[in-house]
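Here is the file work.cif (mmCIF, C-alpha atoms).
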data_coords
loop_
_atom_site.label_atom_id
_atom_site.label_comp_id
_atom_site.auth_asym_id
_atom_site.auth_seq_id
_atom_site.Cartn_x
_atom_site.Cartn_y
_atom_site.Cartn_z
CA MET A 410 0.00 0.00 0.00
CA LYS A 411 2.73 2.47 0.99
CA ARG A 412 4.59 1.72 -2.23
CA TYR A 413 1.56 2.69 -4.31
CA GLN A 414 1.05 5.86 -2.28
CA SER A 415 4.65 6.81 -2.93
CA LEU A 416 4.25 6.06 -6.62
CA VAL A 417 1.09 8.16 -6.79
CA LEU A 418 2.88 10.98 -5.00
CA VAL A 419 5.90 10.84 -7.33
CA ALA A 420 3.72 10.62 -10.42
CA CYS A 421 1.50 13.48 -9.28
CA LEU A 422 4.47 15.66 -8.42
CA ALA A 423 5.89 14.94 -11.85
CA VAL A 424 2.58 15.93 -13.47
CA LEU A 425 2.39 19.10 -11.39
CA TYR A 426 6.01 19.95 -12.17
CA LEU A 427 5.56 19.51 -15.90
CA ASP A 428 2.29 21.40 -15.84
CA ALA A 429 3.90 24.29 -13.96
CA ALA A 430 6.87 24.28 -16.35
CA ILE A 431 4.51 24.53 -19.31
CA SER A 432 2.35 27.26 -17.72
CA LEU A 433 5.32 29.35 -16.67
CA GLY A 434 6.86 29.09 -20.11
CA GLN A 435 3.70 29.93 -22.01
CA GLY A 436 3.70 32.85 -24.42
CA GLY A 437 0.73 34.53 -22.74
CA THR A 438 0.18 38.22 -22.09
CA LYS A 439 2.94 38.57 -19.50
CA ALA A 440 5.64 37.23 -21.83
CA VAL A 441 4.46 39.42 -24.70
CA ASP A 442 4.42 42.44 -22.36
CA ALA A 443 7.97 41.57 -21.31
CA VAL A 444 9.26 41.40 -24.87
CA ARG A 445 7.51 44.69 -25.75
CA ALA A 446 9.04 46.27 -22.66
CA ALA A 447 12.51 45.00 -23.67
CA ASP A 448 11.97 46.51 -27.13
CA GLN A 449 11.22 49.92 -25.60
CA GLU A 450 13.99 49.73 -22.98
CA TRP A 451 16.42 49.02 -25.78
CA MET A 452 15.04 51.97 -27.75
CA LYS A 453 15.59 54.27 -24.76
CA VAL A 454 19.27 53.39 -24.23
CA PHE A 455 19.86 53.54 -28.00
CA ALA A 456 18.16 56.95 -28.32
CA ALA A 457 20.34 58.09 -25.40
CA LYS A 458 23.40 56.88 -27.40
CA ASN A 459 24.50 54.67 -24.53
CA LEU A 460 26.83 52.33 -26.44
CA GLU A 461 27.53 49.91 -23.59
CA LYS A 462 23.88 49.41 -22.66
CA SER A 463 22.77 49.28 -26.31
CA VAL A 464 25.24 46.49 -27.06
CA ALA A 465 24.46 44.71 -23.77
CA PHE A 466 20.88 44.26 -25.02
CA CYS A 467 22.23 41.93 -27.70
CA ASP A 468 22.62 38.20 -27.19
CA GLU A 469 26.21 36.91 -27.35
CA SER A 470 25.44 35.41 -30.75
CA GLY A 471 23.23 38.34 -31.77
CA ALA A 472 23.36 40.05 -35.15
CA VAL A 473 22.22 43.48 -36.29
CA LEU A 474 21.40 43.66 -39.98
CA SER A 475 21.59 47.31 -40.98
CA SER A 476 20.72 48.63 -44.43
CA ASN A 477 23.67 49.56 -46.64
CA ALA A 478 26.16 47.49 -44.64
CA PRO A 479 27.07 43.84 -44.20
CA ALA A 480 25.58 42.02 -41.20
CA ALA A 481 27.16 42.85 -37.83
CA ASN A 482 27.58 39.46 -36.17
CA GLY A 483 28.41 39.41 -32.46
CA ARG A 484 28.79 42.18 -29.90
CA ASP A 485 32.12 43.57 -31.19
CA ALA A 486 30.76 44.10 -34.70
CA ILE A 487 27.49 45.47 -33.28
CA ALA A 488 29.42 47.94 -31.08
CA LYS A 489 31.28 49.17 -34.18
CA LEU A 490 28.02 49.57 -36.10
CA PHE A 491 26.27 51.41 -33.24
CA SER A 492 29.31 53.69 -32.76
CA GLY A 493 28.86 54.79 -36.36
CA PHE A 494 25.16 55.55 -35.75
CA PHE A 495 25.92 57.51 -32.60
CA GLN A 496 28.40 59.68 -34.51
CA LEU A 497 25.62 61.00 -36.76
CA ALA A 498 25.19 64.68 -35.88
CA ASN A 499 22.12 65.46 -33.82
CA LEU A 500 20.74 61.93 -34.16
CA LYS A 501 17.19 61.50 -32.91
CA ILE A 502 15.65 58.05 -33.17
CA SER A 503 12.62 56.24 -31.81
CA TRP A 504 10.72 53.09 -32.62
CA LEU A 505 7.52 51.45 -31.48
CA PRO A 506 6.34 47.86 -31.97
CA ASN A 507 2.97 47.33 -33.63
CA ARG A 508 3.15 43.56 -33.25
CA ALA A 509 4.88 41.24 -30.83
CA ASP A 510 4.57 37.63 -29.76
CA VAL A 511 6.36 34.96 -27.75
CA ALA A 512 6.42 31.21 -28.40
CA LYS A 513 4.40 29.05 -26.00
CA SER A 514 7.65 27.68 -24.61
CA GLY A 515 8.52 31.24 -23.58
CA GLU A 516 12.13 31.51 -24.75
CA LEU A 517 11.76 32.94 -28.27
CA GLY A 518 9.82 36.04 -29.30
CA TYR A 519 9.70 38.90 -31.74
CA THR A 520 8.72 42.54 -31.96
CA SER A 521 8.05 44.46 -35.17
CA GLY A 522 7.03 48.01 -35.82
CA ALA A 523 8.00 51.40 -37.16
CA TYR A 524 11.01 53.64 -36.59
CA GLU A 525 11.62 57.33 -37.19
CA MET A 526 14.98 59.05 -37.21
CA THR A 527 16.52 62.40 -38.09
CA PHE A 528 20.14 63.53 -38.18
CA ASN A 529 22.19 66.26 -39.80
CA ASP A 530 24.40 65.46 -42.78
CA PRO A 531 27.92 66.96 -42.96
CA THR A 532 26.48 70.15 -44.53
CA GLY A 533 24.08 70.56 -41.60
CA LYS A 534 21.01 69.59 -43.62
CA THR A 535 18.41 67.58 -41.69
CA ILE A 536 17.95 64.08 -43.08
CA SER A 537 14.70 62.35 -42.09
CA ASP A 538 14.04 58.66 -42.42
CA LYS A 539 11.21 56.37 -41.43
CA GLY A 540 10.85 52.66 -41.84
CA LYS A 541 10.13 49.35 -40.20
CA TYR A 542 11.96 46.66 -38.26
CA VAL A 543 11.85 43.12 -36.98
CA THR A 544 13.67 42.09 -33.81
CA VAL A 545 13.94 38.44 -32.75
CA TRP A 546 14.38 38.09 -28.98
CA LYS A 547 15.86 35.24 -26.93
CA LYS A 548 15.11 34.86 -23.24
CA GLN A 549 18.28 34.50 -21.19
CA THR A 550 18.79 32.15 -18.24
CA ASP A 551 18.37 35.15 -15.89
CA GLY A 552 14.92 35.85 -17.37
CA SER A 553 15.94 38.94 -19.35
CA TRP A 554 15.29 39.24 -23.08
CA LYS A 555 18.15 39.87 -25.50
CA VAL A 556 18.34 40.60 -29.21
CA LEU A 557 19.14 37.60 -31.37
CA LEU A 558 18.45 39.36 -34.67
CA ASP A 559 17.58 42.93 -35.54
CA ILE A 560 16.87 44.17 -39.05
CA PHE A 561 15.29 47.32 -40.45
CA ASN A 562 14.73 49.13 -43.73
CA THR A 563 13.38 52.42 -45.00
CA ASP A 564 9.88 53.15 -46.26
CA LEU A 565 11.23 55.97 -48.44
CA PRO A 566 11.68 55.47 -52.18
CA ALA A 567 15.23 54.62 -53.32
CA GLY A 568 17.47 57.63 -53.82
CA THR A 569 15.62 59.91 -51.37
CA MET B 1311 -5.93 -0.91 -3.70
CA LYS B 1312 -7.53 -0.82 -7.14
CA ARG B 1313 -8.22 2.88 -6.68
CA TYR B 1314 -4.51 3.58 -6.16
CA GLN B 1315 -3.57 1.44 -9.13
CA SER B 1316 -5.97 3.46 -11.28
CA LEU B 1317 -4.59 6.70 -9.89
CA VAL B 1318 -1.03 5.59 -10.65
CA LEU B 1319 -2.07 4.60 -14.15
CA VAL B 1320 -3.84 7.91 -14.81
CA ALA B 1321 -0.96 9.90 -13.37
CA CYS B 1322 1.62 7.95 -15.34
CA LEU B 1323 -0.35 8.31 -18.57
CA ALA B 1324 -0.58 12.05 -17.91
CA VAL B 1325 3.17 12.22 -17.36
CA LEU B 1326 3.84 10.23 -20.53
CA TYR B 1327 1.39 12.36 -22.52
CA LEU B 1328 2.93 15.64 -21.35
CA ASP B 1329 6.41 14.32 -21.92
CA ALA B 1330 5.51 13.23 -25.44
CA ALA B 1331 3.84 16.58 -26.13
CA ILE B 1332 6.98 18.40 -25.04
CA SER B 1333 9.31 16.13 -27.03
CA LEU B 1334 7.22 16.39 -30.19
CA GLY B 1335 7.01 20.14 -29.89
CA GLN B 1336 10.66 20.69 -29.15
CA GLY B 1337 12.73 22.91 -31.41
CA GLY B 1338 15.17 20.07 -32.13
CA THR B 1339 16.90 19.24 -35.39
CA LYS B 1340 13.75 18.09 -37.20
CA ALA B 1341 11.87 21.33 -36.58
CA VAL B 1342 14.85 23.44 -37.61
CA ASP B 1343 15.26 21.32 -40.74
CA ALA B 1344 11.56 21.86 -41.51
CA VAL B 1345 11.78 25.63 -41.19
CA ARG B 1346 14.95 25.71 -43.33
CA ALA B 1347 13.18 23.56 -45.92
CA ALA B 1348 10.18 25.93 -45.92
CA ASP B 1349 12.57 28.86 -46.43
CA GLN B 1350 14.05 27.17 -49.51
CA GLU B 1351 10.71 25.96 -50.88
CA TRP B 1352 9.46 29.53 -50.66
CA MET B 1353 12.59 30.74 -52.45
CA LYS B 1354 11.99 28.27 -55.29
CA VAL B 1355 8.38 29.35 -55.98
CA PHE B 1356 9.40 33.01 -55.65
CA ALA B 1357 12.35 32.61 -58.03
CA ALA B 1358 9.94 30.89 -60.45
CA LYS B 1359 7.67 33.99 -60.14
CA ASN B 1360 4.73 31.83 -59.09
CA LEU B 1361 2.57 34.53 -57.49
CA GLU B 1362 -0.12 32.24 -56.09
CA LYS B 1363 2.31 29.85 -54.44
CA SER B 1364 4.56 32.68 -53.21
CA VAL B 1365 1.63 34.39 -51.48
CA ALA B 1366 0.27 31.07 -50.17
CA PHE B 1367 3.50 30.68 -48.18
CA CYS B 1368 2.42 33.67 -46.08
CA ASP B 1369 0.34 33.35 -42.94
CA GLU B 1370 -3.11 35.01 -43.12
CA SER B 1371 -1.81 37.75 -40.85
CA GLY B 1372 1.62 37.76 -42.47
CA ALA B 1373 3.54 40.90 -43.45
CA VAL B 1374 6.36 41.46 -45.92
CA LEU B 1375 8.52 44.47 -45.09
CA SER B 1376 10.28 45.48 -48.28
CA SER B 1377 12.88 48.24 -48.52
CA ASN B 1378 11.70 51.51 -50.08
CA ALA B 1379 8.02 50.72 -49.53
CA PRO B 1380 5.55 50.68 -46.65
CA ALA B 1381 4.86 47.32 -44.98
CA ALA B 1382 2.63 44.94 -46.94
CA ASN B 1383 0.21 43.59 -44.33
CA GLY B 1384 -1.92 40.58 -45.28
CA ARG B 1385 -2.03 38.44 -48.40
CA ASP B 1386 -3.68 41.02 -50.71
CA ALA B 1387 -1.00 43.64 -50.01
CA ILE B 1388 1.72 40.97 -50.27
CA ALA B 1389 0.35 39.81 -53.65
CA LYS B 1390 0.51 43.41 -54.92
CA LEU B 1391 4.09 43.77 -53.66
CA PHE B 1392 5.22 40.46 -55.19
CA SER B 1393 3.51 41.32 -58.50
CA GLY B 1394 5.70 44.40 -58.66
CA PHE B 1395 8.82 42.31 -58.06
CA PHE B 1396 7.84 39.78 -60.71
CA GLN B 1397 7.45 42.56 -63.28
CA LEU B 1398 11.14 43.45 -62.98
CA ALA B 1399 12.73 42.51 -66.33
CA ASN B 1400 14.80 39.34 -66.25
CA LEU B 1401 14.57 39.05 -62.44
CA LYS B 1402 16.83 36.39 -60.97
CA ILE B 1403 16.75 35.97 -57.20
CA SER B 1404 17.95 33.44 -54.66
CA TRP B 1405 18.47 33.36 -50.92
CA LEU B 1406 19.99 30.94 -48.43
CA PRO B 1407 19.62 30.87 -44.64
CA ASN B 1408 22.81 30.94 -42.57
CA ARG B 1409 20.94 30.65 -39.28
CA ALA B 1410 17.61 29.19 -38.27
CA ASP B 1411 15.92 28.06 -35.10
CA VAL B 1412 12.56 26.98 -33.71
CA ALA B 1413 11.17 27.58 -30.22
CA LYS B 1414 11.01 24.54 -27.93
CA SER B 1415 7.22 24.64 -28.18
CA GLY B 1416 7.63 24.10 -31.92
CA GLU B 1417 5.20 26.67 -33.33
CA LEU B 1418 7.46 29.71 -33.85
CA GLY B 1419 10.76 29.84 -35.73
CA TYR B 1420 12.99 32.01 -37.83
CA THR B 1421 15.42 31.83 -40.72
CA SER B 1422 18.00 34.48 -41.61
CA GLY B 1423 20.58 34.65 -44.33
CA ALA B 1424 21.74 36.30 -47.52
CA TYR B 1425 19.99 37.06 -50.83
CA GLU B 1426 21.28 37.89 -54.28
CA MET B 1427 19.26 39.34 -57.11
CA THR B 1428 19.74 40.81 -60.56
CA PHE B 1429 17.27 42.44 -62.95
CA ASN B 1430 17.35 44.79 -65.90
CA ASP B 1431 16.35 48.41 -65.47
CA PRO B 1432 14.15 50.09 -68.14
CA THR B 1433 17.28 50.92 -70.19
CA GLY B 1434 18.31 47.25 -70.19
CA LYS B 1435 21.19 47.77 -67.77
CA THR B 1436 21.73 44.91 -65.32
CA ILE B 1437 21.16 45.93 -61.71
CA SER B 1438 22.74 43.67 -59.10
CA ASP B 1439 21.84 43.65 -55.43
CA LYS B 1440 22.84 41.55 -52.48
CA GLY B 1441 21.71 41.74 -48.90
CA LYS B 1442 20.28 39.92 -45.92
CA TYR B 1443 16.91 38.93 -44.54
CA VAL B 1444 15.01 37.70 -41.50
CA THR B 1445 11.87 35.59 -41.86
CA VAL B 1446 9.69 34.72 -38.84
CA TRP B 1447 7.75 31.49 -39.39
CA LYS B 1448 4.57 30.24 -37.74
CA LYS B 1449 3.61 26.58 -37.78
CA GLN B 1450 0.06 26.06 -39.05
CA THR B 1451 -2.47 23.59 -37.65
CA ASP B 1452 -1.75 21.29 -40.64
CA GLY B 1453 1.95 21.19 -39.68
CA SER B 1454 3.17 23.41 -42.51
CA TRP B 1455 5.24 26.55 -41.86
CA LYS B 1456 4.08 29.94 -43.06
CA VAL B 1457 5.65 33.39 -43.13
CA LEU B 1458 4.54 35.68 -40.31
CA LEU B 1459 7.11 38.39 -41.03
CA ASP B 1460 9.66 38.82 -43.78
CA ILE B 1461 12.10 41.71 -43.99
CA PHE B 1462 15.27 42.32 -45.99
CA ASN B 1463 17.74 45.07 -46.82
CA THR B 1464 20.72 45.66 -49.07
CA ASP B 1465 24.40 45.34 -48.16
CA LEU B 1466 25.32 47.91 -50.82
CA PRO B 1467 26.16 51.49 -49.86
CA ALA B 1468 23.30 54.00 -50.20
CA GLY B 1469 22.93 55.43 -53.69
CA THR B 1470 24.48 52.47 -55.53
#

Would you write out, as structure tokens, the structure that this file holds?
Amino acid sequence: MKRYQSLVLVACLAVLYLDAAISLGQGGTKAVDAVRAADQEWMKVFAAKNLEKSVAFCDESGAVLSSNAPAANGRDAIAKLFSGFFQLANLKISWLPNRADVAKSGELGYTSGAYEMTFNDPTGKTISDKGKYVTVWKKQTDGSWKVLLDIFNTDLPAGT
Amino acid sequence: MKRYQSLVLVACLAVLYLDAAISLGQGGTKAVDAVRAADQEWMKVFAAKNLEKSVAFCDESGAVLSSNAPAANGRDAIAKLFSGFFQLANLKISWLPNRADVAKSGELGYTSGAYEMTFNDPTGKTISDKGKYVTVWKKQTDGSWKVLLDIFNTDLPAGT
């Protein structure tokens, strides 16, 4: 009798454990909110031209795929790319996701939306750009979300 | 006694069921292979300028984010965008993923890699472009993978 009780207990605990693991990992509203929040936190440190924090938002194996440049793979290449952006005179940039989701397992998600930026070219002329982006996010072991892939392009006609 | 045996059986079946569900849904090699295969199947029908099949690869709520154009949201807008591409004279296009993954839950994945394309401009001059892309894939209820988001941009310097 005791053996069966123990078996029932072990089996039930296993069921409860697996069930909890699935529930905790589920995409759900909280996870989507978290990935949207990460998207906007990243935007804030980027808009503030904080190179260290902007790069720290990227996963170790992250890549940023900028227009008019080869892919920046890894944090060193990303730091170089972001440095170039931050050197643009009077750079103002913001973005906002209009869609976001997280896999049911809770470790992979994406945000996508629109960006706007202005800067001054070497002659002082204001250059305005607007476009769209997709960011793929990977949840880290500490629960934070980091950028696995980021890519964007302009809405403006070629040559503008 | 019988009651406990039944409980053990039910609990064990539940454990086995959940375990199987997790294993089947896991990112794993098979799922990543499937999403890579979908990426290349899509490329083939696109390169063949098959509009119907190219659009059918997109999820109902899918979006294609092309450079120099606003986002194409939904299949009608995507069809219009692809039609424009397919009208480019002598269009030749191919792409190949260099990274791909699928969430452990098995319903969300991505591919990312490089594309190459050439076409003739209205004067007959050959225009060459190469760049990179990210595609976010959603597994459908029938097990097939469809495009939730697709975005790409050029490696070439602006104005080339």

Suppose a student applies the PyMOL selection byres ((chain B and resi 1387) around 12) to this structure; what residues should they get, written as a PDB file with C-alpha atoms, keeping the file's coordinate frame?
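So result_24.pdb came out as:
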ATOM      1  CA  VAL B1365       1.630  34.390 -51.480  1.00  0.00           C
ATOM      2  CA  CYS B1368       2.420  33.670 -46.080  1.00  0.00           C
ATOM      3  CA  GLU B1370      -3.110  35.010 -43.120  1.00  0.00           C
ATOM      4  CA  SER B1371      -1.810  37.750 -40.850  1.00  0.00           C
ATOM      5  CA  GLY B1372       1.620  37.760 -42.470  1.00  0.00           C
ATOM      6  CA  ALA B1373       3.540  40.900 -43.450  1.00  0.00           C
ATOM      7  CA  VAL B1374       6.360  41.460 -45.920  1.00  0.00           C
ATOM      8  CA  LEU B1375       8.520  44.470 -45.090  1.00  0.00           C
ATOM      9  CA  SER B1376      10.280  45.480 -48.280  1.00  0.00           C
ATOM     10  CA  ALA B1379       8.020  50.720 -49.530  1.00  0.00           C
ATOM     11  CA  PRO B1380       5.550  50.680 -46.650  1.00  0.00           C
ATOM     12  CA  ALA B1381       4.860  47.320 -44.980  1.00  0.00           C
ATOM     13  CA  ALA B1382       2.630  44.940 -46.940  1.00  0.00           C
ATOM     14  CA  ASN B1383       0.210  43.590 -44.330  1.00  0.00           C
ATOM     15  CA  GLY B1384      -1.920  40.580 -45.280  1.00  0.00           C
ATOM     16  CA  ARG B1385      -2.030  38.440 -48.400  1.00  0.00           C
ATOM     17  CA  ASP B1386      -3.680  41.020 -50.710  1.00  0.00           C
ATOM     18  CA  ILE B1388       1.720  40.970 -50.270  1.00  0.00           C
ATOM     19  CA  ALA B1389       0.350  39.810 -53.650  1.00  0.00           C
ATOM     20  CA  LYS B1390       0.510  43.410 -54.920  1.00  0.00           C
ATOM     21  CA  LEU B1391       4.090  43.770 -53.660  1.00  0.00           C
ATOM     22  CA  PHE B1392       5.220  40.460 -55.190  1.00  0.00           C
ATOM     23  CA  SER B1393       3.510  41.320 -58.500  1.00  0.00           C
ATOM     24  CA  GLY B1394       5.700  44.400 -58.660  1.00  0.00           C
TER      25      GLY B1394
END

(request) Skip region 542-553 of chain A itself and residues of its chain fewer than 3 positions away, then list as a list in words all residues within 8 Å of it, counting all atoms listed in the file. (result) Val444, Asp468, Gly515, Glu516, Leu517, Gly518, Tyr519, Thr520, Ser521, Gly522, Ala523, Tyr524, Val556, Leu557, Leu558, Asp559, Ile560, Phe561 and Asn562 of chain A; Leu1375, Val1444, Leu1459 and Ile1461 of chain B

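Separating CA of Asp1439 (chain B) from CA of Ser476 (chain A) is a distance of 12.1 Å.
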
(message) Would you compute the distance between CA of Val511 (chain A) and CA of Lys555 (chain A)? Give it in Å to one decimal.
(response) 13.0 Å

(request) Report as a PyMOL selection string the full result of the PyMOL selection byres ((chain B and resi 1401-1403) around 6) when it is applied to this structure. (result) chain B and resi 1357+1398-1400+1404+1426-1429

Both chains have the same sequence, so match all Cα atoms in order, fit chain A onto chain B by least squares, and return it as a compact mmCIF listing (two decimals) with C-alpha atoms, in the frame of the given file.
# COMPACT_ATOMS: atom_id res chain seq x y z
CA MET A 410 -6.52 -1.09 -4.28
CA LYS A 411 -8.15 -0.85 -7.71
CA ARG A 412 -8.80 2.85 -7.16
CA TYR A 413 -5.10 3.49 -6.56
CA GLN A 414 -4.14 1.45 -9.61
CA SER A 415 -6.50 3.54 -11.70
CA LEU A 416 -5.09 6.73 -10.22
CA VAL A 417 -1.54 5.59 -10.94
CA LEU A 418 -2.55 4.72 -14.49
CA VAL A 419 -4.24 8.09 -15.07
CA ALA A 420 -1.36 10.00 -13.52
CA CYS A 421 1.23 8.06 -15.51
CA LEU A 422 -0.67 8.52 -18.75
CA ALA A 423 -0.86 12.23 -18.02
CA VAL A 424 2.91 12.34 -17.41
CA LEU A 425 3.58 10.39 -20.60
CA TYR A 426 1.21 12.60 -22.58
CA LEU A 427 2.80 15.81 -21.36
CA ASP A 428 6.28 14.41 -21.88
CA ALA A 429 5.41 13.39 -25.44
CA ALA A 430 3.84 16.79 -26.11
CA ILE A 431 7.01 18.51 -24.95
CA SER A 432 9.33 16.19 -26.92
CA LEU A 433 7.32 16.47 -30.11
CA GLY A 434 7.22 20.24 -29.84
CA GLN A 435 10.91 20.67 -29.11
CA GLY A 436 13.01 22.88 -31.35
CA GLY A 437 15.54 20.14 -32.08
CA THR A 438 17.26 19.34 -35.35
CA LYS A 439 14.14 18.13 -37.15
CA ALA A 440 12.22 21.36 -36.52
CA VAL A 441 15.17 23.49 -37.58
CA ASP A 442 15.56 21.37 -40.73
CA ALA A 443 11.86 21.87 -41.43
CA VAL A 444 12.05 25.65 -41.13
CA ARG A 445 15.18 25.75 -43.33
CA ALA A 446 13.40 23.58 -45.88
CA ALA A 447 10.37 25.92 -45.83
CA ASP A 448 12.74 28.86 -46.40
CA GLN A 449 14.18 27.18 -49.50
CA GLU A 450 10.82 25.94 -50.81
CA TRP A 451 9.56 29.49 -50.57
CA MET A 452 12.65 30.73 -52.41
CA LYS A 453 12.01 28.25 -55.24
CA VAL A 454 8.39 29.28 -55.89
CA PHE A 455 9.38 32.96 -55.58
CA ALA A 456 12.31 32.57 -58.01
CA ALA A 457 9.87 30.82 -60.37
CA LYS A 458 7.58 33.90 -60.05
CA ASN A 459 4.68 31.73 -58.94
CA LEU A 460 2.50 34.42 -57.33
CA GLU A 461 -0.14 32.09 -55.88
CA LYS A 462 2.34 29.73 -54.24
CA SER A 463 4.58 32.60 -53.07
CA VAL A 464 1.67 34.28 -51.31
CA ALA A 465 0.35 30.95 -49.97
CA PHE A 466 3.61 30.61 -48.02
CA CYS A 467 2.54 33.59 -45.92
CA ASP A 468 0.50 33.26 -42.75
CA GLU A 469 -2.95 34.89 -42.88
CA SER A 470 -1.65 37.65 -40.63
CA GLY A 471 1.77 37.69 -42.31
CA ALA A 472 3.63 40.83 -43.32
CA VAL A 473 6.41 41.42 -45.83
CA LEU A 474 8.55 44.44 -45.05
CA SER A 475 10.26 45.45 -48.27
CA SER A 476 12.81 48.24 -48.55
CA ASN A 477 11.57 51.48 -50.11
CA ALA A 478 7.90 50.68 -49.49
CA PRO A 479 5.49 50.63 -46.57
CA ALA A 480 4.85 47.27 -44.89
CA ALA A 481 2.62 44.86 -46.82
CA ASN A 482 0.26 43.50 -44.17
CA GLY A 483 -1.84 40.47 -45.08
CA ARG A 484 -1.99 38.31 -48.19
CA ASP A 485 -3.70 40.87 -50.47
CA ALA A 486 -1.04 43.51 -49.84
CA ILE A 487 1.71 40.87 -50.12
CA ALA A 488 0.29 39.68 -53.48
CA LYS A 489 0.41 43.28 -54.75
CA LEU A 490 4.00 43.68 -53.57
CA PHE A 491 5.14 40.37 -55.10
CA SER A 492 3.37 41.20 -58.39
CA GLY A 493 5.54 44.30 -58.60
CA PHE A 494 8.70 42.22 -58.03
CA PHE A 495 7.69 39.68 -60.65
CA GLN A 496 7.23 42.46 -63.21
CA LEU A 497 10.93 43.37 -62.99
CA ALA A 498 12.46 42.41 -66.34
CA ASN A 499 14.56 39.27 -66.28
CA LEU A 500 14.39 38.99 -62.49
CA LYS A 501 16.70 36.38 -61.00
CA ILE A 502 16.67 35.96 -57.24
CA SER A 503 17.93 33.45 -54.70
CA TRP A 504 18.53 33.38 -50.98
CA LEU A 505 20.09 31.01 -48.50
CA PRO A 506 19.79 30.95 -44.70
CA ASN A 507 23.00 31.06 -42.68
CA ARG A 508 21.16 30.76 -39.37
CA ALA A 509 17.86 29.26 -38.32
CA ASP A 510 16.24 28.13 -35.10
CA VAL A 511 12.91 27.03 -33.68
CA ALA A 512 11.57 27.62 -30.17
CA LYS A 513 11.46 24.59 -27.87
CA SER A 514 7.68 24.66 -28.06
CA GLY A 515 8.02 24.10 -31.81
CA GLU A 516 5.57 26.66 -33.19
CA LEU A 517 7.78 29.72 -33.74
CA GLY A 518 11.05 29.88 -35.67
CA TYR A 519 13.24 32.07 -37.81
CA THR A 520 15.63 31.89 -40.73
CA SER A 521 18.17 34.54 -41.67
CA GLY A 522 20.72 34.74 -44.42
CA ALA A 523 21.80 36.38 -47.64
CA TYR A 524 20.00 37.12 -50.90
CA GLU A 525 21.23 37.94 -54.39
CA MET A 526 19.15 39.36 -57.19
CA THR A 527 19.57 40.82 -60.67
CA PHE A 528 17.05 42.41 -63.02
CA ASN A 529 17.07 44.75 -65.99
CA ASP A 530 16.02 48.37 -65.56
CA PRO A 531 13.78 50.00 -68.20
CA THR A 532 16.87 50.86 -70.30
CA GLY A 533 17.94 47.20 -70.30
CA LYS A 534 20.85 47.76 -67.92
CA THR A 535 21.47 44.92 -65.46
CA ILE A 536 20.94 45.97 -61.86
CA SER A 537 22.56 43.71 -59.25
CA ASP A 538 21.72 43.71 -55.58
CA LYS A 539 22.77 41.63 -52.62
CA GLY A 540 21.70 41.83 -49.03
CA LYS A 541 20.33 40.02 -46.03
CA TYR A 542 16.98 38.99 -44.59
CA VAL A 543 15.14 37.75 -41.54
CA THR A 544 12.02 35.62 -41.83
CA VAL A 545 9.90 34.74 -38.79
CA TRP A 546 7.98 31.49 -39.29
CA LYS A 547 4.81 30.21 -37.59
CA LYS A 548 3.90 26.54 -37.61
CA GLN A 549 0.34 25.98 -38.82
CA THR A 550 -2.15 23.49 -37.38
CA ASP A 551 -1.45 21.20 -40.37
CA GLY A 552 2.26 21.12 -39.47
CA SER A 553 3.42 23.37 -42.32
CA TRP A 554 5.48 26.50 -41.71
CA LYS A 555 4.27 29.89 -42.92
CA VAL A 556 5.80 33.35 -43.00
CA LEU A 557 4.72 35.63 -40.19
CA LEU A 558 7.25 38.36 -40.96
CA ASP A 559 9.76 38.81 -43.74
CA ILE A 560 12.17 41.72 -44.00
CA PHE A 561 15.30 42.36 -46.04
CA ASN A 562 17.74 45.13 -46.91
CA THR A 563 20.68 45.75 -49.19
CA ASP A 564 24.37 45.45 -48.34
CA LEU A 565 25.22 48.02 -51.03
CA PRO A 566 26.04 51.60 -50.09
CA ALA A 567 23.17 54.10 -50.43
CA GLY A 568 22.72 55.51 -53.92
CA THR A 569 24.28 52.52 -55.74

(request) Kindly indicate which residue among A:Lys453, A:Phe494, A:Asn477, A:Ser537 lies nearest to chain B, using only C-alpha atoms for the distances. (result)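 Closest to chain B, using only C-alpha atoms: A:Asn477.
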
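Residues matched by the PyMOL selection byres ((chain B and resi 1468) around 9) in this file: Ser476, Asn477, Ala567 and Gly568 of chain A; Thr1464, Asp1465, Leu1466, Pro1467, Gly1469 and Thr1470 of chain B.
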
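Picture a line from CA of Asp448 (chain A) to CA of Lys539 (chain A); it runs 17.4 Å.
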
(message) I'd like to know which of A:Gln496, A:Trp504, A:Ala443, A:Ala465 is closest to Pro531 (chain A), using only C-alpha atoms.
(response)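 The answer is A:Gln496, which sits nearest to Pro531 (chain A).
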
(message) Counting all atoms listed in the file, which residue out of B:Lys1340, B:Phe1356, B:Phe1396, B:Lys1363 sits closest to Asn1430 (chain B)?
(response)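 For Asn1430 (chain B), the nearest of the given residues is B:Phe1396.
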
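Between chain B and the candidates A:Asp510, A:Asp530, A:Glu461, A:Glu450, the tightest atom-to-atom separation, counting only C-alpha atoms, involves A:Asp510.
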